[in-house]
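A.B. asks: To start, I am sharing the structure in question, which I have written as structure tokens.
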Amino acid sequence: MTRELKFDSPSFVQRLKGMLGVDFYRLFHTPLFYIFLAIAAVIPAMILGTMGAEGAEQLYTNTWHIIAAPTPLYVVNGIAEYANMNMVFIFGGIMVSVFIGHDYKSGYVKQLFTTHAKKQDYMISKSLTCAFAMACMCITYLLGAVGAGLFAGTSFEINVGSLICAVLGKMIMSLGWASLYTFLNVIFRKFFGISIASSFFFGTGILIIGAAAILGNNSLLNIFLYGSSVYACLSANIVTVLVCLVCSVAWAVIYNVLGTKLLYASDVY
Amino acid sequence: MNAIEIRNLTKSFGPKQAVSGLNMTVPEGAIYGFIGENGSGKSTTEKIICGLIHPSGGTVKLYGKDHTDADVRAGVGVLIEAPGCFPNYSVWNNMMLQAANLGIKNAEQEVVKVLKTVRMEGAASNKYKNCSLGMKQRIGIAMALLGNPSLLVLDEPINGLDADGMRIMREVLVDVTKNGCTVVVSSHILGELEKIATHYGIIRGGKMLCEMTAEQLEASCRTYTALQAKDMSRAKALLACKYSRVEQDEAGYIRVYDAPSPEEIVTHLYENGILVSEIKTDKIGLEEYYIDLMKEGK
């Protein structure tokens, strides 16, 4: 018996909807997500916990300094200056590596790419899901900072508008960071350890910090992910948010295109 | 229209040529037994058909369209090696996730249907990691059947199955072809494959040695006469002098291949003082045909 063959694949929106549904289901059902949310919430408490340490006391008289630097500060003089919400992007990178690494370990990508799924759908879906996860980590970091500040009795004095713009800017940057990590994990998909190491390496922003050491506090660094993330500081305004939005979306597009091309050009599994 | 048409397919991994100039034609509605030794290029070919790896050269067409065409891919169900399931999720959840990826509208009904097809409806709530190898293979088939595919590509689906599991798998594959589905199945368990395959392709060293229908295989399988006599070693020696190929099989029978008639053998042995206690004629199966072919190739 033969049957009439119909070759109709779902539209882009249908495909993405299905894939996002799967990725968000996985995200909400993996303990890893909640562990990293908890880690993000605990980090501020850990930072404030160092207040008794020599030299650390003066840096954190204001609770919001745990969220961001008072002004854009690309050159880091001490490790304590580095300790703010940008750290979420390091932990986020590790979470993304484990999340995507599991796609390959379980053989899910094999199941996915033998169907109508397109490579760009995969990149977009992972980037969006992981961006959401990292934005959630930013929120728990913020809540953790408030809790830690109340506990430590540090000042809460701040321009609320700037604080909102700074937090919003960093949350927006999650998309760019998530796309970078997705891309890195696509490159090193067969080497889980290297995926995590590379995510950690880029997440620390060490390249931008290095560049800043040479160039100084140059606003040109804002075009990079880490630069924009630093730019979203406590003196942020609506322009800062727009800069973060443009930078985040631009890098997301670049990394998604590169990741898609790489997946098309190489053997998937 | 052919379900699969491959021409001059090549694939190399660095200096190693996994597939070299392979041609393959799978007619629509066939159960195509894809046979070859380990490392002969079966899995590589199947992965190329499934779009998991890129060919180095040649063309792969599915239903007349390029194999990477998303529309065609929507009609392909696949089980390559183990199914791609999340170990900590239940069978049901894994199936539902795949249904979501495929954009199946009545996902729950569809999942119930395919789980029933592979007789796994009772294990839907089991965690995938707790399933036996045989159950996992059946889940893989169920996953491949989601969305009512036109083409199923199955790599070693009966590995690890018990006798009942193999029977179920046979029934499932025959059932799906009744609905017009085409099945490409590779396996080393040739006896099982022989029971269902309508077409065969034998691959060696990345090249297709031969393709044939089940009828052509039947016609080209050599006949033999198997016998038992009182003095087996002398009987074997006598027959070996007269016929080109005489062997003793695992059951202890002397096999005389391509002998004109059993009567002639019996007479010949009788004239030399040997009485035949049992004699029968038969044809070699796929397994022996395959082994012969491989020996000839060597």
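In the structure tokens, chains take the letters A, B, ... in the order shown, each chain's residues start at 1, and ligands count up from 1 in the order shown.
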Using only C-alpha atoms, which chain B residues lie at most 10 Å away from chain A, written as a ChimeraX atom specification?

C.D. replies: /B:28-29,47-55,63,68-89,93-94,96-104,140,143-144,149-150,177-182

A.B. asks: Give me the residues within 7 Å of Gly206 (chain B) as a PyMOL selection string, counting only C-alpha atoms and dropping any in the same chain fewer than 5 places off.

C.D. replies: chain B and resi 18-20+22+40-41

A.B. asks: For Ile254 (chain A), please output as a list in words all residues within 10 Å (counting only C-alpha atoms; exclusion window: fewer than 5 positions along the same chain).

C.D. replies: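 So, after excluding close chain neighbours, the residues are Gly176, Ser179, Leu180, Phe183, Ser248, Val249, Gly259 and Thr260 of chain A.
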
A.B. asks: Any chance you could export the current selection's N, CA and C atoms as a short mmCIF file (atom, residue, chain, number, x, y, z; two decimals), in the first residue's frame?

C.D. replies:
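For reference, selection_35.cif as written:
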data_model
loop_
_atom_site.label_atom_id
_atom_site.label_comp_id
_atom_site.auth_asym_id
_atom_site.auth_seq_id
_atom_site.Cartn_x
_atom_site.Cartn_y
_atom_site.Cartn_z
N GLY A 176 22.99 38.67 25.08
CA GLY A 176 24.28 38.62 24.39
C GLY A 176 25.19 37.56 24.99
N SER A 179 24.03 34.07 24.14
CA SER A 179 24.35 33.73 22.75
C SER A 179 25.83 33.37 22.61
N LEU A 180 26.69 34.12 23.33
CA LEU A 180 28.13 33.81 23.30
C LEU A 180 28.37 32.40 23.84
N PHE A 183 27.19 29.73 21.51
CA PHE A 183 28.15 29.61 20.40
C PHE A 183 29.39 28.82 20.85
N SER A 248 23.74 44.03 23.15
CA SER A 248 23.30 42.66 23.43
C SER A 248 22.67 42.01 22.21
N VAL A 249 21.78 42.75 21.55
CA VAL A 249 21.10 42.20 20.36
C VAL A 249 22.10 41.98 19.24
N GLY A 259 27.12 30.56 14.97
CA GLY A 259 26.78 29.22 15.47
C GLY A 259 26.00 28.41 14.45
N THR A 260 25.06 29.08 13.79
CA THR A 260 24.26 28.42 12.76
C THR A 260 25.14 27.96 11.62
#
